[in-house]
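*Asks:* Starting off with a structure, shown below.
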Amino acid sequence: MYKPFLLMLFVAVQSLYAQNNTFSTLSIADNLKESANSVVREQEIVVEIVSQKSYIITKREALTVLNSKGLNNLDTNEHYSSSEKINAISAVVYNALGKEMKKIRTSDFKDQSVADGFSILTDDRVLYLDYTPTEYPFTIVFESEVKSNNTAFLPVWVPINDYYESVQKSKITYLYPSDLQLNFKEYNFEGLTVQKNQSAGKLELQIENLNAIKPEDYTPSKSKLLPMVRFALDKFNLIGVYGDAKTWKDHGVWVYNTLLKETDELPEETVAKMKDLVKDAKTAVEKAQRIYHYVQNKTRYVSIQLGVGGWKPMLAKDVDKLGYGDCKALTNYTRSLLKAVGVESYYTVIFAGREKTDISEDFVAMQGNHVLLALPNDEKYTFLECTSQDNPFGFQSDFTDDRLALVIKPEGGELIRTNNYNEKLSSQLITGTVKLNEDGTLSADFIRKSTGTQYSAKNHIQQQSKQEIVEDYKEEFSWLTNLSVEKYKHNDDKEKVVFTEELSFTATDYIRNNGGYLTFLVNPLNQLTSIPQRYRNRKFPLEISRGFYDEENYTIELPQGLKCESIPEPVKVEDKFGIYSLTIKENSPGKLSINRSLLIRKGTFDKSEYENFRKFREQIARFDGTKLLLIKA
């Protein structure tokens with residue numbers, strides 16, 4: 001009589017075990033939990049290219065979120081617009097044992113416009129899941145199906161979406177008609193094994209057991225570290241605009257003829273105004289400068305994602321009328337104004353952002369997230385950032401510097417590298433006087449001039465309130481006690497691209513009494529005391545993405561009746577990473593002259609060099625912390 005009951009109990013236990021085993025955190029290998037906030041348990045993406053005009057993407061991803069930080073890796077949303085339709089979307093949440101806790105249907109997702117009504121104009125909307133977990137860890141299985149009428153941008157495969165995320169299994173499948181050619185390119189898969197199956201009309205890529213990536217100091221950008229595969233068709237469709245390009249030259253012709261053609265018409269009054277504006281200008285560059293400043297004063301930036309996939313610029317005459325536009329619209333408007341006065345310039349597509357990302361040289365496809373204007377200047381280009389109302393003419397800063405961009409010409413596309421602000425072009429020069437008072441306080445009066453990327457790091461301060469400026473200075477000179485900003489003055493020379501600060505401040509307890517000995521730091525104005533973290537087993541190369549040069553020449557006036565017990569010898573530290581020097585001289589009784597300089601070189605180095613770099617920085621920190629002993633004169 002007990003046999004049926006035992007059999008039922010056995011089946012129930014087996015069923016429970018199977019359920020628990022599917023998404024139980026107990027089944028996650030230890031190596032996948034190491035340094036991980038989340039684990040991709042199963043990810044399957046199927047992209048079915050129906051024709052040159054459209055594709056359907058089906059996703060299923062099971063993500064185990066191990067802690068609250070892992071919520072950042074949740075990707076439970078889908079965008080839709082007039083060209084993209086969400087056919088299905090749902091999710092199921094499981095607890096740590098793999099037991100189902102909650103079913104989430106389409107109606108449970110929140111629907112929101114991407115536009116904010118002021119700085120973004122778009123018809124894009126998003127369905128997103130706003131889920132607040134009641135416990136950790138948990139697993140969420142997200143499923144969706146989206147149809148897109150835009151094959152110019154095909155879904156990429158990024159198995160690891162971010163730092164601190166490991167992958168148990170990830171797979172992508174592309175299905176495509178025999179009359180289309182699917183191209184793909186792998187990035188950052190060195191040392192990884194990808195299972196690859198390709199046959200007529202089908203491509204499968206699968207990878208398993210990827211450990212979480214933990215960021216390290218001075219690593220290359222994520223675009224150079226995280227594995228990724230890009231896909232592109234030889235014949236594509238950008239929401240009704242068909243394309244066919246196998247080379248960057250062909251692609252440039254397509255962009256020019258389909259996206260830019262007949263967008264440069266301007267009102268006759270505007271053309272006449274521009275000709276009058278530049279009538280006495282002697283060079284094309286001078287004409288471009290005047291027109292660039294005209295655009296800055298007339299327009300404002302608004303992100304516009306309407307029209308042909310957000311890639312076709314507004315008509316120049318509409319920008320002229322409305323006074324706003326996005327990067328495409330404002331760049332094309334400036335190009336049109338220059339064309340009206342006989343100055344040639346080129347619409348240029350680029351990846352913008354502080355992390356440098358190149359347009360892929362050997363993979364022709366729609367790429368980039370921003371547009372610049374390239375102005376021929378002798379045998380090089382001057383690049384104009386047309387979205388900025390305060391950028392100096394021809395200044396790129398670290399937003400678009402030193403990366404491959406696609407210049408669009410009538411005869412075709414051309415890949416070129418944008419300007420690199422080398423070490424000496426990105427400088428900070430300080431001159432002034434520091435007075436040490438008998439009560440131990442410090443009074444500093446100095447001038448600081450910044451150029452290049454150091455210019456762009458500082459010139460924004462002039463737009464801030466007085467309180468914000470003072471707080472910024474207190475934070476910058478955080479090694480000083482009770483800093484009080486007495487006065488400041490800013491001068492932004494946009495012609496020479498030099499930002500000058502005249503600054504006076506006081507600080508207390510600068511002379512310290514250590515057991516009856518009076519000491520002070522010789523470097524109150526620019527200290528580099530941070531030392532990069534030590535790694536027992538460094539995994540990634542060392543990259544210094546941008547170099548810079550700092551130099552300080554100032555005088556320290558000692559309190560009446562005191563002098564330095566001794567003056568240290570000049571020091572110089574030179575390595576492949578840069579050069580540091582510090583010279584202290586007593587020019588006259590009670591007055592020291594300080595000369596400090598630091599050059600940091602841009603470069604990428606093998607991970608084995610990291611410890612040498614760390615030691616180089618240790619030496620800089622030690623010398624920047626140099627203390628002198630005061631005695632009675």
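Every chain in the structure tokens has a letter given in the order shown (A, B, ...), and although residue numbers restart at 1 in each chain, ligands are simply numbered from 1 in the order shown.
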Within 8 Å of region 218-233 of chain A, counting only C-alpha atoms, which residues qualify if same-chain residues fewer than 3 places away don't, as a compact mmCIF listing (two decimals) with all heavy atoms, in the first residue's frame?
*Replies:*
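Resulting contents of part_28.txt:
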# COMPACT_ATOMS: atom_id res chain seq x y z
N THR A 151 18.23 46.75 -41.88
CA THR A 151 19.31 45.76 -41.92
C THR A 151 20.68 46.42 -42.07
O THR A 151 21.69 45.73 -42.19
CB THR A 151 19.10 44.77 -43.07
OG1 THR A 151 19.05 45.50 -44.31
CG2 THR A 151 17.82 43.96 -42.89
N ALA A 152 20.73 47.76 -42.05
CA ALA A 152 22.03 48.44 -42.09
C ALA A 152 22.78 48.23 -40.79
O ALA A 152 24.01 48.21 -40.76
CB ALA A 152 21.84 49.92 -42.38
N PHE A 153 22.03 48.09 -39.68
CA PHE A 153 22.61 47.80 -38.37
C PHE A 153 22.11 46.44 -37.91
O PHE A 153 20.96 46.31 -37.52
CB PHE A 153 22.21 48.86 -37.35
CG PHE A 153 22.80 50.21 -37.60
CD1 PHE A 153 22.10 51.16 -38.31
CD2 PHE A 153 24.06 50.52 -37.12
CE1 PHE A 153 22.65 52.42 -38.54
CE2 PHE A 153 24.62 51.78 -37.34
CZ PHE A 153 23.92 52.73 -38.06
N LEU A 154 22.97 45.45 -37.95
CA LEU A 154 22.59 44.13 -37.47
C LEU A 154 23.04 43.95 -36.02
O LEU A 154 24.05 44.54 -35.60
CB LEU A 154 23.23 43.05 -38.36
CG LEU A 154 22.74 42.99 -39.81
CD1 LEU A 154 23.46 41.88 -40.56
CD2 LEU A 154 21.23 42.79 -39.88
N PRO A 155 22.31 43.15 -35.26
CA PRO A 155 22.67 42.95 -33.85
C PRO A 155 24.09 42.39 -33.70
O PRO A 155 24.49 41.48 -34.43
CB PRO A 155 21.63 41.93 -33.37
CG PRO A 155 20.46 42.11 -34.29
CD PRO A 155 21.05 42.45 -35.62
N VAL A 156 24.84 42.95 -32.78
CA VAL A 156 26.18 42.45 -32.48
C VAL A 156 26.05 41.33 -31.44
O VAL A 156 25.02 41.20 -30.76
CB VAL A 156 27.11 43.55 -31.96
CG1 VAL A 156 27.29 44.63 -33.00
CG2 VAL A 156 26.57 44.14 -30.65
N TRP A 157 27.10 40.56 -31.31
CA TRP A 157 27.13 39.51 -30.27
C TRP A 157 28.19 39.92 -29.26
O TRP A 157 29.38 40.02 -29.58
CB TRP A 157 27.47 38.17 -30.90
CG TRP A 157 27.43 37.01 -29.93
CD1 TRP A 157 26.51 36.76 -28.97
CD2 TRP A 157 28.38 35.93 -29.88
NE1 TRP A 157 26.80 35.60 -28.30
CE2 TRP A 157 27.95 35.06 -28.83
CE3 TRP A 157 29.52 35.59 -30.59
CZ2 TRP A 157 28.64 33.89 -28.51
CZ3 TRP A 157 30.21 34.45 -30.27
CH2 TRP A 157 29.78 33.60 -29.24
N VAL A 158 27.75 40.19 -28.04
CA VAL A 158 28.65 40.56 -26.95
C VAL A 158 28.38 39.59 -25.80
O VAL A 158 27.52 39.87 -24.95
CB VAL A 158 28.43 42.02 -26.51
CG1 VAL A 158 29.51 42.43 -25.51
CG2 VAL A 158 28.44 42.96 -27.70
N PRO A 159 29.05 38.44 -25.77
CA PRO A 159 28.76 37.44 -24.73
C PRO A 159 28.88 37.99 -23.32
O PRO A 159 28.02 37.76 -22.47
CB PRO A 159 29.80 36.34 -24.99
CG PRO A 159 30.22 36.53 -26.42
CD PRO A 159 30.11 37.99 -26.69
N ILE A 160 29.98 38.73 -23.06
CA ILE A 160 30.13 39.40 -21.76
C ILE A 160 29.76 40.86 -21.97
O ILE A 160 30.43 41.57 -22.72
CB ILE A 160 31.58 39.30 -21.23
CG1 ILE A 160 31.95 37.84 -20.99
CG2 ILE A 160 31.72 40.10 -19.94
CD1 ILE A 160 33.36 37.65 -20.45
N ASN A 161 28.70 41.28 -21.31
CA ASN A 161 28.18 42.62 -21.56
C ASN A 161 28.88 43.71 -20.75
O ASN A 161 28.83 44.88 -21.09
CB ASN A 161 26.67 42.65 -21.27
CG ASN A 161 25.99 43.82 -21.91
OD1 ASN A 161 26.24 44.14 -23.07
ND2 ASN A 161 25.14 44.49 -21.15
N ASP A 162 29.54 43.29 -19.65
CA ASP A 162 30.17 44.30 -18.79
C ASP A 162 31.16 43.61 -17.87
O ASP A 162 31.26 42.38 -17.83
CB ASP A 162 29.10 45.04 -17.98
CG ASP A 162 29.53 46.46 -17.62
OD1 ASP A 162 30.74 46.76 -17.70
OD2 ASP A 162 28.66 47.26 -17.26
N LEU A 180 21.93 36.85 -50.26
CA LEU A 180 22.64 37.86 -49.46
C LEU A 180 23.91 37.26 -48.87
O LEU A 180 23.94 36.08 -48.52
CB LEU A 180 21.76 38.38 -48.33
CG LEU A 180 20.49 39.15 -48.74
CD1 LEU A 180 19.70 39.54 -47.49
CD2 LEU A 180 20.83 40.38 -49.55
N GLN A 181 24.94 38.09 -48.75
CA GLN A 181 26.19 37.65 -48.14
C GLN A 181 26.31 38.25 -46.75
O GLN A 181 26.22 39.46 -46.57
CB GLN A 181 27.38 38.08 -49.00
CG GLN A 181 28.74 37.68 -48.40
CD GLN A 181 29.90 38.12 -49.27
OE1 GLN A 181 29.83 38.05 -50.49
NE2 GLN A 181 30.97 38.58 -48.63
N LEU A 182 26.53 37.39 -45.76
CA LEU A 182 26.70 37.84 -44.39
C LEU A 182 28.18 37.89 -44.05
O LEU A 182 28.89 36.90 -44.14
CB LEU A 182 25.98 36.90 -43.43
CG LEU A 182 26.09 37.27 -41.94
CD1 LEU A 182 25.30 38.53 -41.64
CD2 LEU A 182 25.61 36.11 -41.06
N ASN A 183 28.65 39.06 -43.66
CA ASN A 183 30.04 39.23 -43.23
C ASN A 183 30.08 39.39 -41.72
O ASN A 183 29.14 39.95 -41.12
CB ASN A 183 30.66 40.46 -43.90
CG ASN A 183 30.60 40.38 -45.41
OD1 ASN A 183 30.97 39.38 -46.01
ND2 ASN A 183 30.09 41.43 -46.05
N PHE A 184 31.14 38.93 -41.10
CA PHE A 184 31.28 39.12 -39.66
C PHE A 184 32.75 39.27 -39.30
O PHE A 184 33.65 38.82 -40.01
CB PHE A 184 30.63 37.97 -38.88
CG PHE A 184 31.29 36.63 -39.04
CD1 PHE A 184 32.19 36.17 -38.10
CD2 PHE A 184 31.00 35.83 -40.15
CE1 PHE A 184 32.79 34.93 -38.24
CE2 PHE A 184 31.60 34.58 -40.30
CZ PHE A 184 32.50 34.13 -39.33
N LYS A 185 32.99 39.94 -38.16
CA LYS A 185 34.35 40.14 -37.69
C LYS A 185 34.39 39.98 -36.18
O LYS A 185 33.56 40.55 -35.46
CB LYS A 185 34.87 41.52 -38.07
CG LYS A 185 36.31 41.78 -37.63
CD LYS A 185 36.85 43.08 -38.15
CE LYS A 185 38.25 43.36 -37.58
NZ LYS A 185 39.22 42.29 -37.91
N GLU A 186 35.36 39.19 -35.71
CA GLU A 186 35.52 38.93 -34.28
C GLU A 186 36.53 39.91 -33.67
O GLU A 186 37.54 40.23 -34.28
CB GLU A 186 36.01 37.49 -34.06
CG GLU A 186 35.06 36.45 -34.62
CD GLU A 186 35.66 35.05 -34.56
OE1 GLU A 186 36.53 34.82 -33.70
OE2 GLU A 186 35.26 34.20 -35.37
N TYR A 187 36.24 40.34 -32.46
CA TYR A 187 37.12 41.25 -31.72
C TYR A 187 37.38 40.67 -30.33
O TYR A 187 36.45 40.21 -29.67
CB TYR A 187 36.50 42.64 -31.56
CG TYR A 187 36.15 43.33 -32.85
CD1 TYR A 187 34.94 43.07 -33.49
CD2 TYR A 187 36.99 44.28 -33.43
CE1 TYR A 187 34.60 43.72 -34.67
CE2 TYR A 187 36.66 44.93 -34.59
CZ TYR A 187 35.46 44.65 -35.22
OH TYR A 187 35.12 45.29 -36.39
N ASN A 188 38.62 40.72 -29.89
CA ASN A 188 39.01 40.42 -28.51
C ASN A 188 38.70 38.98 -28.10
O ASN A 188 38.32 38.72 -26.94
CB ASN A 188 38.32 41.38 -27.53
CG ASN A 188 38.47 42.83 -27.92
OD1 ASN A 188 39.52 43.25 -28.41
ND2 ASN A 188 37.43 43.61 -27.74
N PHE A 189 38.87 38.03 -29.00
CA PHE A 189 38.66 36.63 -28.67
C PHE A 189 39.99 35.87 -28.49
O PHE A 189 39.99 34.64 -28.46
CB PHE A 189 37.83 35.93 -29.75
CG PHE A 189 36.35 36.18 -29.63
CD1 PHE A 189 35.77 37.26 -30.26
CD2 PHE A 189 35.55 35.34 -28.89
CE1 PHE A 189 34.41 37.49 -30.15
CE2 PHE A 189 34.19 35.56 -28.77
CZ PHE A 189 33.61 36.64 -29.41
N PRO A 215 38.02 44.92 -13.83
CA PRO A 215 38.83 46.02 -14.37
C PRO A 215 40.08 46.24 -13.53
O PRO A 215 40.09 46.02 -12.31
CB PRO A 215 37.90 47.23 -14.31
CG PRO A 215 36.90 46.89 -13.25
CD PRO A 215 36.72 45.41 -13.30
N PHE A 236 22.12 46.04 -47.97
CA PHE A 236 21.38 46.35 -46.76
C PHE A 236 20.30 47.39 -47.03
O PHE A 236 20.20 47.96 -48.12
CB PHE A 236 22.33 46.85 -45.66
CG PHE A 236 23.19 48.01 -46.09
CD1 PHE A 236 22.74 49.31 -45.98
CD2 PHE A 236 24.46 47.79 -46.61
CE1 PHE A 236 23.53 50.38 -46.37
CE2 PHE A 236 25.26 48.85 -47.01
CZ PHE A 236 24.80 50.15 -46.89
N GLU A 355 36.62 57.38 -24.15
CA GLU A 355 37.36 56.18 -24.55
C GLU A 355 37.50 56.18 -26.07
O GLU A 355 36.51 56.31 -26.79
CB GLU A 355 36.64 54.92 -24.09
CG GLU A 355 36.68 54.70 -22.59
CD GLU A 355 36.17 53.32 -22.20
OE1 GLU A 355 35.59 52.63 -23.06
OE2 GLU A 355 36.35 52.93 -21.04
N LYS A 356 38.72 56.03 -26.54
CA LYS A 356 38.97 56.08 -27.98
C LYS A 356 38.52 54.78 -28.65
O LYS A 356 38.94 53.69 -28.26
CB LYS A 356 40.46 56.29 -28.24
CG LYS A 356 41.03 57.57 -27.66
CD LYS A 356 42.53 57.62 -27.88
CE LYS A 356 43.15 58.81 -27.18
NZ LYS A 356 44.62 58.83 -27.32
N THR A 357 37.66 54.91 -29.65
CA THR A 357 37.21 53.75 -30.43
C THR A 357 37.33 54.10 -31.91
O THR A 357 36.84 55.15 -32.34
CB THR A 357 35.74 53.40 -30.10
OG1 THR A 357 35.62 53.13 -28.70
CG2 THR A 357 35.29 52.18 -30.88
N VAL A 364 33.60 46.79 -43.29
CA VAL A 364 32.76 47.84 -43.86
C VAL A 364 31.31 47.63 -43.42
O VAL A 364 30.69 46.62 -43.73
CB VAL A 364 32.86 47.87 -45.39
CG1 VAL A 364 31.97 48.97 -45.97
CG2 VAL A 364 34.31 48.06 -45.83
N ALA A 365 30.79 48.60 -42.67
CA ALA A 365 29.41 48.54 -42.19
C ALA A 365 29.06 49.90 -41.62
O ALA A 365 29.93 50.74 -41.41
CB ALA A 365 29.26 47.46 -41.13
N PHE A 540 45.84 42.29 -17.85
CA PHE A 540 45.67 43.06 -19.07
C PHE A 540 46.86 43.98 -19.33
O PHE A 540 47.62 44.30 -18.40
CB PHE A 540 44.39 43.89 -18.99
CG PHE A 540 43.15 43.08 -18.81
CD1 PHE A 540 42.39 43.18 -17.65
CD2 PHE A 540 42.75 42.18 -19.78
CE1 PHE A 540 41.26 42.42 -17.47
CE2 PHE A 540 41.62 41.41 -19.62
CZ PHE A 540 40.87 41.52 -18.46
N PRO A 541 47.02 44.40 -20.58
CA PRO A 541 48.10 45.34 -20.91
C PRO A 541 47.93 46.65 -20.15
O PRO A 541 46.85 46.97 -19.64
CB PRO A 541 47.96 45.56 -22.42
CG PRO A 541 47.15 44.42 -22.91
CD PRO A 541 46.25 44.02 -21.78
N LEU A 542 49.00 47.40 -20.08
CA LEU A 542 48.99 48.74 -19.50
C LEU A 542 48.79 49.74 -20.63
O LEU A 542 49.51 49.71 -21.63
CB LEU A 542 50.32 48.99 -18.79
CG LEU A 542 50.75 50.44 -18.55
CD1 LEU A 542 49.84 51.11 -17.54
CD2 LEU A 542 52.19 50.51 -18.08
N GLU A 543 47.77 50.60 -20.49
CA GLU A 543 47.54 51.61 -21.52
C GLU A 543 47.43 52.98 -20.87
O GLU A 543 46.59 53.21 -20.00
CB GLU A 543 46.28 51.32 -22.32
CG GLU A 543 46.04 52.34 -23.43
CD GLU A 543 44.88 52.00 -24.33
OE1 GLU A 543 45.07 51.18 -25.25
OE2 GLU A 543 43.77 52.53 -24.10
N ILE A 544 48.30 53.89 -21.30
CA ILE A 544 48.18 55.30 -20.95
C ILE A 544 47.58 55.96 -22.18
O ILE A 544 48.25 56.15 -23.19
CB ILE A 544 49.56 55.90 -20.60
CG1 ILE A 544 50.21 55.11 -19.47
CG2 ILE A 544 49.41 57.37 -20.21
CD1 ILE A 544 51.65 55.50 -19.19
N SER A 545 46.30 56.24 -22.14
CA SER A 545 45.57 56.64 -23.35
C SER A 545 45.93 58.05 -23.81
O SER A 545 45.85 58.35 -24.99
CB SER A 545 44.06 56.53 -23.15
OG SER A 545 43.63 57.35 -22.08
*Asks:* List the neighbours of Arg300 (chain A) out to 8 Å using only C-alpha atoms; skip same-chain residues closer than 4 positions along the sequence, and give me the result as a PDB file with C-alpha atoms, in the first residue's frame.
*Replies:*
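Writing the result to result.pdb gives the following:
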ATOM      1  CA  GLN A 296      27.684  78.600 -32.445  1.00  0.00           C
ATOM      2  CA  GLY A 323      17.960  77.252 -34.906  1.00  0.00           C
ATOM      3  CA  TYR A 324      18.577  73.773 -33.548  1.00  0.00           C
ATOM      4  CA  GLY A 325      19.692  70.333 -34.657  1.00  0.00           C
ATOM      5  CA  THR A 387      27.380  70.728 -31.653  1.00  0.00           C
ATOM      6  CA  SER A 388      29.299  72.894 -29.168  1.00  0.00           C
ATOM      7  CA  GLN A 389      28.378  76.489 -28.462  1.00  0.00           C
TER       8      GLN A 389
END
*Asks:* Report as a list in words all protein, DNA and RNA residues lying within 10 Å of region 456-464 of chain A, evaluated on only C-alpha atoms, omitting residues in the same chain fewer than 4 positions from it.
*Replies:*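 Answer for this query is Asp390, Asn391, Phe395, Gln396, Ser397, Asp398, Phe399, Ser426, Lys449, Ser450, Thr451, Gly452, Glu468, Ile469, Val470, Asp472, Tyr473, Lys489, His490, Asn491, Asp492, Asp493, Val497, Val498, Phe499, Thr500 and Glu501 of chain A.
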*Asks:* With C-alpha atoms retained, write the just-selected residues as a PDB file, in the first residue's frame.
*Replies:*
ATOM      1  CA  ASP A 390      31.701  77.233 -26.747  1.00  0.00           C
ATOM      2  CA  ASN A 391      34.366  74.963 -28.273  1.00  0.00           C
ATOM      3  CA  PHE A 395      39.502  72.024 -31.069  1.00  0.00           C
ATOM      4  CA  GLN A 396      38.409  68.424 -30.490  1.00  0.00           C
ATOM      5  CA  SER A 397      39.467  67.749 -26.910  1.00  0.00           C
ATOM      6  CA  ASP A 398      39.251  64.158 -25.671  1.00  0.00           C
ATOM      7  CA  PHE A 399      35.774  63.669 -27.163  1.00  0.00           C
ATOM      8  CA  SER A 426      48.334  69.057 -23.371  1.00  0.00           C
ATOM      9  CA  LYS A 449      47.707  78.079 -18.004  1.00  0.00           C
ATOM     10  CA  SER A 450      46.229  74.938 -19.560  1.00  0.00           C
ATOM     11  CA  THR A 451      46.238  73.717 -23.159  1.00  0.00           C
ATOM     12  CA  GLY A 452      45.055  70.670 -25.107  1.00  0.00           C
ATOM     13  CA  GLU A 468      30.704  75.405  -7.293  1.00  0.00           C
ATOM     14  CA  ILE A 469      34.021  76.941  -8.387  1.00  0.00           C
ATOM     15  CA  VAL A 470      35.227  77.272  -4.800  1.00  0.00           C
ATOM     16  CA  ASP A 472      36.038  72.445  -7.105  1.00  0.00           C
ATOM     17  CA  TYR A 473      39.224  74.190  -6.010  1.00  0.00           C
ATOM     18  CA  LYS A 489      39.917  85.165 -12.361  1.00  0.00           C
ATOM     19  CA  HIS A 490      39.473  83.165 -15.541  1.00  0.00           C
ATOM     20  CA  ASN A 491      40.433  83.977 -19.109  1.00  0.00           C
ATOM     21  CA  ASP A 492      39.435  81.678 -21.959  1.00  0.00           C
ATOM     22  CA  ASP A 493      41.566  82.471 -25.012  1.00  0.00           C
ATOM     23  CA  VAL A 497      43.106  77.576 -26.980  1.00  0.00           C
ATOM     24  CA  VAL A 498      44.626  78.506 -23.618  1.00  0.00           C
ATOM     25  CA  PHE A 499      42.661  78.645 -20.371  1.00  0.00           C
ATOM     26  CA  THR A 500      44.263  80.922 -17.773  1.00  0.00           C
ATOM     27  CA  GLU A 501      43.407  80.954 -14.073  1.00  0.00           C
TER      28      GLU A 501
END
*Asks:* Can you tell me, as a ChimeraX atom specification, what residues are no more than 6 Å from region 481-485 of chain A when counting only C-alpha atoms, ignoring any on the same chain fewer than 5 positions away?
*Replies:* /A:505-508
*Asks:* Run DSSP on the backbone and give me the residues of region 192-274 of chain A it puts in strand (DSSP E), as a PyMOL selection string.
*Replies:* chain A and resi 195-199+202-210+228-233+235-238+241-244
*Asks:* Based on the selection just made, write N, CA, C and O atoms of those residues as a tab-separated table (two decimals), in the first residue's frame.
*Replies:*
chain	number	residue	atom	x	y	z
A	195	GLN	N	33.02	28.04	-30.68
A	195	GLN	CA	32.50	26.98	-31.55
A	195	GLN	C	31.79	27.65	-32.72
A	195	GLN	O	30.89	28.45	-32.53
A	196	LYS	N	32.22	27.30	-33.91
A	196	LYS	CA	31.73	27.99	-35.11
A	196	LYS	C	31.21	26.96	-36.11
A	196	LYS	O	31.92	26.04	-36.49
A	197	ASN	N	29.97	27.13	-36.51
A	197	ASN	CA	29.38	26.27	-37.54
A	197	ASN	C	28.77	27.16	-38.61
A	197	ASN	O	27.93	28.00	-38.32
A	198	GLN	N	29.21	26.97	-39.84
A	198	GLN	CA	28.72	27.79	-40.93
A	198	GLN	C	28.36	26.92	-42.11
A	198	GLN	O	29.12	26.02	-42.50
A	199	SER	N	27.18	27.16	-42.64
A	199	SER	CA	26.71	26.45	-43.83
A	199	SER	C	25.92	27.44	-44.66
A	199	SER	O	25.79	28.61	-44.30
A	202	LYS	N	23.40	29.95	-43.05
A	202	LYS	CA	23.35	29.79	-41.60
A	202	LYS	C	24.74	29.96	-40.98
A	202	LYS	O	25.73	29.43	-41.49
A	203	LEU	N	24.80	30.70	-39.87
A	203	LEU	CA	26.04	30.86	-39.11
A	203	LEU	C	25.72	30.74	-37.63
A	203	LEU	O	24.82	31.40	-37.12
A	204	GLU	N	26.43	29.85	-36.93
A	204	GLU	CA	26.27	29.67	-35.50
A	204	GLU	C	27.60	29.93	-34.80
A	204	GLU	O	28.64	29.41	-35.20
A	205	LEU	N	27.54	30.73	-33.75
A	205	LEU	CA	28.71	30.98	-32.91
A	205	LEU	C	28.32	30.71	-31.47
A	205	LEU	O	27.26	31.16	-31.01
A	206	GLN	N	29.16	29.97	-30.75
A	206	GLN	CA	28.84	29.63	-29.36
A	206	GLN	C	30.10	29.65	-28.52
A	206	GLN	O	31.18	29.28	-28.98
A	207	ILE	N	29.96	30.11	-27.29
A	207	ILE	CA	31.09	30.14	-26.37
A	207	ILE	C	30.59	29.75	-24.99
A	207	ILE	O	29.44	30.02	-24.63
A	208	GLU	N	31.47	29.11	-24.20
A	208	GLU	CA	31.08	28.63	-22.88
A	208	GLU	C	32.17	28.95	-21.85
A	208	GLU	O	33.35	29.10	-22.20
A	209	ASN	N	31.72	29.07	-20.61
A	209	ASN	CA	32.63	29.20	-19.46
A	209	ASN	C	33.62	30.35	-19.58
A	209	ASN	O	34.83	30.15	-19.62
A	210	LEU	N	33.08	31.55	-19.66
A	210	LEU	CA	33.92	32.76	-19.66
A	210	LEU	C	33.91	33.34	-18.25
A	210	LEU	O	32.86	33.66	-17.71
A	228	MET	N	33.56	40.51	-28.78
A	228	MET	CA	32.41	41.01	-29.54
A	228	MET	C	32.53	40.55	-30.98
A	228	MET	O	33.63	40.39	-31.51
A	229	VAL	N	31.39	40.34	-31.63
A	229	VAL	CA	31.35	40.04	-33.06
A	229	VAL	C	30.38	41.00	-33.74
A	229	VAL	O	29.24	41.16	-33.28
A	230	ARG	N	30.87	41.66	-34.79
A	230	ARG	CA	30.01	42.52	-35.61
A	230	ARG	C	29.57	41.75	-36.85
A	230	ARG	O	30.32	40.93	-37.38
A	231	PHE	N	28.36	42.08	-37.34
A	231	PHE	CA	27.80	41.44	-38.53
A	231	PHE	C	27.33	42.51	-39.50
A	231	PHE	O	26.91	43.59	-39.08
A	232	ALA	N	27.40	42.20	-40.78
A	232	ALA	CA	26.92	43.15	-41.79
A	232	ALA	C	26.57	42.39	-43.07
A	232	ALA	O	27.20	41.38	-43.40
A	233	LEU	N	25.57	42.90	-43.77
A	233	LEU	CA	25.20	42.35	-45.08
A	233	LEU	C	25.88	43.14	-46.18
A	233	LEU	O	26.12	44.34	-46.04
A	235	LYS	N	24.44	43.71	-48.95
A	235	LYS	CA	23.33	44.53	-49.43
A	235	LYS	C	22.40	44.78	-48.25
A	235	LYS	O	21.94	43.82	-47.62
A	236	PHE	N	22.12	46.04	-47.97
A	236	PHE	CA	21.38	46.35	-46.76
A	236	PHE	C	20.30	47.39	-47.03
A	236	PHE	O	20.20	47.96	-48.12
A	237	ASN	N	19.52	47.66	-45.99
A	237	ASN	CA	18.42	48.63	-46.08
A	237	ASN	C	18.42	49.49	-44.83
A	237	ASN	O	18.45	48.98	-43.72
A	238	LEU	N	18.43	50.80	-45.01
A	238	LEU	CA	18.34	51.74	-43.89
A	238	LEU	C	16.97	52.40	-43.97
A	238	LEU	O	16.80	53.49	-44.51
A	241	VAL	N	15.98	53.01	-47.55
A	241	VAL	CA	17.10	53.44	-48.40
A	241	VAL	C	18.03	52.24	-48.55
A	241	VAL	O	18.62	51.77	-47.58
A	242	TYR	N	18.15	51.74	-49.76
A	242	TYR	CA	18.93	50.53	-50.01
A	242	TYR	C	20.38	50.88	-50.27
A	242	TYR	O	20.70	51.91	-50.87
A	243	GLY	N	21.26	49.99	-49.81
A	243	GLY	CA	22.69	50.21	-49.98
A	243	GLY	C	23.41	48.95	-50.40
A	243	GLY	O	22.94	47.84	-50.19
A	244	ASP	N	24.58	49.14	-50.97
A	244	ASP	CA	25.42	48.03	-51.43
A	244	ASP	C	26.85	48.53	-51.41
A	244	ASP	O	27.24	49.35	-52.25
*Asks:* Tell me which protein, DNA and RNA residues are within 8 Å of Asp326 (chain A), counting only C-alpha atoms, leaving out same-chain ones fewer than 5 positions away, and put them as a ChimeraX atom specification.
*Replies:* /A:301-304,387
*Asks:* Which of these residues is nearest to Ser81 (chain A), using only C-alpha atoms: A:Asp130, A:Asp124, A:Glu385, A:Glu61?
*Replies:* A:Asp124
